[in-house]
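The structure under discussion appears below in the form of structure tokens.
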Amino acid sequence: MSAWDAWIGREDVRTDRIDHALVARWLATFDRCAIGDATVPQGLHWCICVSDAATAQLGPDGHPVRDDSPQSFLPPVPLPRRMWASSKVDFYAPLKLGEAVTRTSRIQSITEKSGGSGQLLFVDVAHETFGEAGIAVREVQSIVYREAAAPDADLSPPENDVGSFDAEGWNTHRILVPTEPLLFRFSALTFNSHRIHYDLPYTQGQERYRGLVVHGPLTATLLLDLARREFGDNALAHFSYRGLSPAICGEALHLVMRGSGNEIEMAAFAADGRQVTAATAQRKQPNV
């Protein structure tokens with residue numbers, strides 16, 4: 001029996017409305033034009049029904065403090081470092097401008113593991129987002145908690161001046177440099193106050209990253225946009241991604257895609273060839 005079994009099944013329900021201002025800010029963040037109809041782009045669901053913890057309730061890392069009270073959705077894991085490890089997303093119907101939405105989140109599983117970097121604890125959270133016509137998005141998100149970094153630990157990821165990314169074998173290739181304003185705007189859209197995305201002294205001194213860290217769902221959103229550029233808006237039925245290594249602000253990010261038919265492989269690589277994200281997607285079947 002795990003010490004965290006009492007948290008499995010715990011639910012959190014939030015409501016929101018997809019207003020024009022939110023969509024306009026999202027589009028501005030990604031230098032995009034609006035879709036021609038009333039639907040909103042895939043990926044915007046990460047910006048609705050977000051946590052609204054008071055500033056006084058934030059911990060040293062910027063995330064809401066976790067405790068053993070009934071009000072604490074996530075368990076009070078003693079491991080201090082938190083990362084969004086992966087997501088599996090099913091898109092059932094496009095969300096629409098102006099509609100009211102409800103998101104139900106449920107703790108699906110909690111798993112303890114030991115890895116090369118020490119103790120790890122994975123929390124899988126199932127999210128179901130409903131628009132006015134029914135379910136629109138179902139996602140299983142995996143959050144990983146890790147031990148504190150040693151004060152003298154090498155900065156991660158290590159610099160590599162030897163390797164380089166080779167786009168051979170990929171059908172689609174886009175290069176983008178995530179900037180501080182992009183990270184700031186995405187943090188604002190998602191109401192994410194994790195300090196590794198904006199506080200460089202904390203990021204290097206406490207969590208021992210080489211630079212500000214690009215949000216996992218920001219990289220995922222950029223991959224969704226890569227698919228949109230090829231197939232159009234709201235073209236995917238399923239999207240899964242897994243973080244493999246931190247992407248660092250100010251460093252080139254190579255977004256790539258390949259595949260035939262409805263099965264698609266996507267990835268993000270650093271300029272030195274280090275893989276940042278692995279992803280797969282499935283296109284929607286055409287209406288018969």
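Starting from 1 in every chain, residues are counted up; chains themselves are A, B, ... following the order of the structure tokens, and ligands are numbered from 1 as listed.
Those residues that approach A:Glu159 to within 9 Å, counting only C-alpha atoms, are Leu155, Ser156, Arg210 and Asp272 of chain A; same-chain residues fewer than 3 positions away are not listed.
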Tell me, as a list in words, which residues lie within 10 Å of A:Pro60, counting only C-alpha atoms; anything in the same chain fewer than 5 positions away does not count. Val65, Pro80, His194, Arg195 and Tyr202 of chain A
Can you check which parts of stretch 149-257 of chain A lie within 12 Å of stretch 40-54 of chain A? Per residue, the shortest pair of atoms and distance in Å to one decimal, counting only C-alpha atoms, sorted by chain and number, as CSV.
residue,atom,partner,partner_atom,distance
A:Arg185,CA,A:Cys47,CA,11.2
A:Phe186,CA,A:Cys47,CA,8.7
A:Ser187,CA,A:Cys47,CA,9.4
A:Ala188,CA,A:Cys47,CA,9.0
A:Leu189,CA,A:Cys47,CA,5.6
A:Thr190,CA,A:Cys47,CA,4.6
A:Phe191,CA,A:Val50,CA,6.7
A:Asn192,CA,A:Ser51,CA,8.3
A:Ser193,CA,A:Ala53,CA,10.2
A:His215,CA,A:Trp46,CA,11.6
A:Gly216,CA,A:Trp46,CA,11.2
A:Pro217,CA,A:Trp46,CA,7.7
A:Leu218,CA,A:Gly43,CA,9.0
A:Thr219,CA,A:Gly43,CA,10.6
A:Ala220,CA,A:Gly43,CA,8.0
A:Thr221,CA,A:Gly43,CA,5.6
A:Leu222,CA,A:Gly43,CA,9.0
A:Leu223,CA,A:Gly43,CA,9.7
A:Leu224,CA,A:Gly43,CA,7.0
A:Asp225,CA,A:Gln42,CA,8.2
A:Leu226,CA,A:Gln42,CA,11.4
A:Ala227,CA,A:Gln42,CA,10.1
A:Arg228,CA,A:Gln42,CA,8.7
A:Arg229,CA,A:Pro41,CA,11.7
A:Gly232,CA,A:Pro41,CA,9.8
A:Asp233,CA,A:Pro41,CA,6.3
A:Asn234,CA,A:Gln42,CA,5.8
A:Ala235,CA,A:Gln42,CA,8.6
A:Leu236,CA,A:Gln42,CA,8.2
A:Ala237,CA,A:Gln42,CA,10.1
A:His238,CA,A:Gln42,CA,10.6
A:Phe239,CA,A:Gln42,CA,10.1
Nearest to A:Trp4 by atom-to-atom distance, counting only C-alpha atoms, from A:Ala149, A:Leu74, A:Arg25, A:Leu58: A:Leu74
Residues within 8 Å of stretch 166-175 of chain A, please, as a PDB file with C-alpha atoms, in the first residue's frame. Count only C-alpha atoms; anything in the same chain fewer than 6 positions from it doesn't count.
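The file below, result23.pdb, is the result:
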ATOM      1  CA  LEU A 226       3.733  22.600 -36.933  1.00  0.00           C
ATOM      2  CA  ALA A 252      17.529  27.238 -31.316  1.00  0.00           C
ATOM      3  CA  LEU A 253      14.771  24.636 -31.234  1.00  0.00           C
ATOM      4  CA  HIS A 254      14.326  22.385 -34.274  1.00  0.00           C
ATOM      5  CA  LEU A 255      10.704  21.285 -34.747  1.00  0.00           C
ATOM      6  CA  VAL A 256      10.310  18.357 -37.145  1.00  0.00           C
ATOM      7  CA  MET A 257       7.610  16.061 -38.487  1.00  0.00           C
ATOM      8  CA  ARG A 258       7.262  13.044 -40.778  1.00  0.00           C
ATOM      9  CA  GLY A 259       4.803  10.293 -41.563  1.00  0.00           C
ATOM     10  CA  GLY A 273      21.305  17.300 -31.798  1.00  0.00           C
TER      11      GLY A 273
END
